[in-house]
$ cat final21.pdb   # PDB, C-alpha atoms
MODEL        1
ATOM      1  CA  MET K 107     -11.075  -7.825  13.050  1.00  0.00           C
ATOM      2  CA  ASP K 108     -12.147  -4.943  15.188  1.00  0.00           C
ATOM      3  CA  ALA K 109     -12.953  -1.267  14.572  1.00  0.00           C
ATOM      4  CA  ARG K 110      -9.260  -0.369  14.907  1.00  0.00           C
ATOM      5  CA  THR K 111      -8.097  -2.536  11.983  1.00  0.00           C
ATOM      6  CA  THR K 112      -5.867  -0.547   9.620  1.00  0.00           C
ATOM      7  CA  PHE K 113      -5.377  -1.168   5.912  1.00  0.00           C
ATOM      8  CA  LEU K 114      -2.836  -0.040   3.311  1.00  0.00           C
ATOM      9  CA  ASP K 115      -2.938  -0.752  -0.406  1.00  0.00           C
ATOM     10  CA  CYS K 116      -0.731  -3.736  -1.218  1.00  0.00           C
ATOM     11  CA  PRO K 117       2.462  -2.410  -2.861  1.00  0.00           C
ATOM     12  CA  ALA K 118       3.344  -5.661  -4.704  1.00  0.00           C
ATOM     13  CA  TYR K 119       4.295  -5.280  -8.381  1.00  0.00           C
ATOM     14  CA  LEU K 120       2.211  -7.410 -10.760  1.00  0.00           C
ATOM     15  CA  ASN K 121       4.393  -6.997 -13.840  1.00  0.00           C
ATOM     16  CA  GLY K 122       8.063  -7.037 -14.721  1.00  0.00           C
ATOM     17  CA  ASP K 123       8.491  -3.355 -15.515  1.00  0.00           C
ATOM     18  CA  GLY K 124       7.102  -2.086 -12.189  1.00  0.00           C
ATOM     19  CA  THR K 125       4.141  -0.131 -13.526  1.00  0.00           C
ATOM     20  CA  VAL K 126       1.208  -2.156 -12.191  1.00  0.00           C
ATOM     21  CA  ARG K 127       0.661  -2.713  -8.463  1.00  0.00           C
ATOM     22  CA  CYS K 128      -1.594  -5.209  -6.679  1.00  0.00           C
ATOM     23  CA  GLY K 129      -3.424  -2.511  -4.690  1.00  0.00           C
ATOM     24  CA  LEU K 130      -5.704  -4.899  -2.777  1.00  0.00           C
ATOM     25  CA  PRO K 131      -6.402  -3.862   0.818  1.00  0.00           C
ATOM     26  CA  ALA K 132      -3.572  -5.207   2.978  1.00  0.00           C
ATOM     27  CA  VAL K 133      -4.309  -5.522   6.680  1.00  0.00           C
ATOM     28  CA  VAL K 134      -1.731  -4.244   9.156  1.00  0.00           C
ATOM     29  CA  ALA K 135      -0.950  -7.383  11.168  1.00  0.00           C
ATOM     30  CA  ASP K 136       1.622  -5.729  13.441  1.00  0.00           C
ATOM     31  CA  SER K 137       2.917  -2.217  14.075  1.00  0.00           C
ATOM     32  CA  TYR K 138       6.169  -1.321  15.811  1.00  0.00           C
ATOM     33  CA  THR K 139       8.709   1.470  16.129  1.00  0.00           C
ATOM     34  CA  LEU K 140      12.404   1.127  15.337  1.00  0.00           C
ATOM     35  CA  GLY K 141      15.145   3.526  16.298  1.00  0.00           C
ATOM     36  CA  SER K 142      17.266   5.213  13.647  1.00  0.00           C
ATOM     37  CA  THR K 143      19.809   8.005  13.412  1.00  0.00           C
ATOM     38  CA  ASP K 144      16.979  10.285  12.219  1.00  0.00           C
ATOM     39  CA  GLY K 145      14.680   9.322  15.099  1.00  0.00           C
ATOM     40  CA  PRO K 146      11.968   6.683  15.535  1.00  0.00           C
ATOM     41  CA  VAL K 147      10.609   4.963  12.401  1.00  0.00           C
ATOM     42  CA  THR K 148       7.090   3.505  12.414  1.00  0.00           C
ATOM     43  CA  SER K 149       7.100   0.103  10.729  1.00  0.00           C
ATOM     44  CA  VAL K 150       4.364  -2.433   9.968  1.00  0.00           C
ATOM     45  CA  LYS K 151       3.839  -6.012   8.863  1.00  0.00           C
ATOM     46  CA  ILE K 152       1.066  -6.222   6.234  1.00  0.00           C
ATOM     47  CA  HIS K 153      -0.581  -8.913   4.100  1.00  0.00           C
ATOM     48  CA  CYS K 154      -3.210  -8.866   1.359  1.00  0.00           C
ATOM     49  CA  PRO K 155      -5.776 -11.479   0.222  1.00  0.00           C
ATOM     50  CA  ALA K 156      -3.571 -12.378  -2.781  1.00  0.00           C
ATOM     51  CA  GLY K 157      -0.906 -13.675  -0.379  1.00  0.00           C
ATOM     52  CA  HIS K 158       1.620 -10.827  -0.569  1.00  0.00           C
ATOM     53  CA  TRP K 159       3.432 -10.097   2.726  1.00  0.00           C
ATOM     54  CA  PHE K 160       5.587  -7.071   3.525  1.00  0.00           C
ATOM     55  CA  ASN K 161       7.453  -5.931   6.608  1.00  0.00           C
ATOM     56  CA  GLY K 162       9.051  -2.479   6.784  1.00  0.00           C
ATOM     57  CA  PRO K 163       8.666   1.259   7.310  1.00  0.00           C
ATOM     58  CA  VAL K 164       5.213   2.652   6.522  1.00  0.00           C
ATOM     59  CA  SER K 165       6.781   5.230   4.206  1.00  0.00           C
ATOM     60  CA  ALA K 166       8.319   2.455   2.098  1.00  0.00           C
ATOM     61  CA  LEU K 167       5.063   0.460   1.926  1.00  0.00           C
ATOM     62  CA  THR K 168       2.745   3.347   1.057  1.00  0.00           C
ATOM     63  CA  VAL K 169       1.537   3.211  -2.533  1.00  0.00           C
ATOM     64  CA  HIS K 170       1.506   6.478  -4.478  1.00  0.00           C
ATOM     65  CA  ALA K 171      -1.712   7.299  -6.307  1.00  0.00           C
ATOM     66  CA  ASP K 172       0.170   7.803  -9.585  1.00  0.00           C
ATOM     67  CA  THR K 173       0.904   4.061  -9.873  1.00  0.00           C
ATOM     68  CA  VAL K 174      -1.653   1.996 -11.768  1.00  0.00           C
ATOM     69  CA  ARG K 175      -3.552  -0.801 -10.083  1.00  0.00           C
ATOM     70  CA  ALA K 176      -4.382  -3.788 -12.274  1.00  0.00           C
ATOM     71  CA  ASP K 177      -8.144  -3.095 -12.286  1.00  0.00           C
ATOM     72  CA  THR K 178      -8.388   0.700 -11.953  1.00  0.00           C
ATOM     73  CA  VAL K 179      -8.533   3.762 -14.130  1.00  0.00           C
ATOM     74  CA  HIS K 180      -5.610   5.152 -16.111  1.00  0.00           C
ATOM     75  CA  ALA K 181      -2.904   6.812 -13.970  1.00  0.00           C
ATOM     76  CA  ASP K 182      -3.571  10.243 -15.570  1.00  0.00           C
ATOM     77  CA  ALA K 183      -6.990  10.339 -13.873  1.00  0.00           C
ATOM     78  CA  VAL K 184      -5.531  10.100 -10.354  1.00  0.00           C
ATOM     79  CA  PRO K 185      -3.705  12.943  -8.563  1.00  0.00           C
ATOM     80  CA  SER K 186       0.017  12.365  -7.969  1.00  0.00           C
ATOM     81  CA  VAL K 187       0.157  12.430  -4.168  1.00  0.00           C
ATOM     82  CA  PRO K 188       1.205   9.752  -1.659  1.00  0.00           C
ATOM     83  CA  VAL K 189      -1.781   8.158   0.052  1.00  0.00           C
ATOM     84  CA  ALA K 190      -2.328   5.204   2.347  1.00  0.00           C
ATOM     85  CA  ILE K 191      -5.586   4.134   0.712  1.00  0.00           C
ATOM     86  CA  PRO K 192      -6.232   5.835  -2.644  1.00  0.00           C
ATOM     87  CA  VAL K 193      -9.797   6.261  -3.885  1.00  0.00           C
ATOM     88  CA  ARG K 194     -10.662   3.526  -6.341  1.00  0.00           C
ATOM     89  CA  ALA K 195     -12.835   3.756  -9.433  1.00  0.00           C
ATOM     90  CA  SER K 196     -15.859   1.503  -9.754  1.00  0.00           C
ATOM     91  CA  LEU K 197     -15.487  -1.435 -12.154  1.00  0.00           C
ATOM     92  CA  ARG K 198     -19.072  -1.246 -13.492  1.00  0.00           C
TER      93      ARG K 198
ENDMDL
END
$ encode --input "final21.pdb" --output "structure tokens"
Amino acid sequence: MDARTTFLDCPAYLNGDGTVRCGLPAVVADSYTLGSTDGPVTSVKIHCPAGHWFNGPVSALTVHADTVRADTVHADAVPSVPVAIPVRASLR
């Protein structure tokens, strides 16, 4: 990896009811632009260390801070805003 490597939080669901996300850092393996009727759409191919792979628009792969990661604080402690890489609590 080089200094330009980009990461997103992995958006994979870890439970059946869709409340817990993987959230591990997923590296952007490829970035590309697709045309649409609303203009160009930036899309990426990402993968995380747990083996989850996704390919699609960045807006669809961005995890919102109000979803709970398996090993983080309760969702009420995190602001409800979309972020690419939310701040994580220490597990000490």
$ resolve_selection --input "final21.pdb" --expression "the PyMOL selection byres ((chain K and resi 153-161) around 6)" --output "PyMOL selection string"
chain K and resi 131-133+150-152+162
$ write_last_selection --input "final21.pdb" --atoms "C-alpha atoms" --output "tab-separated table (two decimals), keeping the file's coordinate frame"
chain	number	residue	atom	x	y	z
K	131	PRO	CA	-6.40	-3.86	0.82
K	132	ALA	CA	-3.57	-5.21	2.98
K	133	VAL	CA	-4.31	-5.52	6.68
K	150	VAL	CA	4.36	-2.43	9.97
K	151	LYS	CA	3.84	-6.01	8.86
K	152	ILE	CA	1.07	-6.22	6.23
K	162	GLY	CA	9.05	-2.48	6.78
$ residues_around --input "final21.pdb" --residues "Thr148 of chain K" --least-positions-apart "4" --cutoff "9 Å" --atoms "all atoms listed in the file" --output "PyMOL selection string"
chain K and resi 137-141+162-165
$ atom_distance --input "final21.pdb" --atom1 "atom CA of Arg110 of chain K" --atom2 "atom CA of Val147 of chain K"
20.7 Å
$ atom_distance --input "final21.pdb" --atom1 "atom CA of Thr168 of chain K" --atom2 "atom CA of Cys128 of chain K"
12.3 Å
$ atom_distance --input "final21.pdb" --atom1 "atom CA of Asp136 of chain K" --atom2 "atom CA of Phe113 of chain K"
11.2 Å
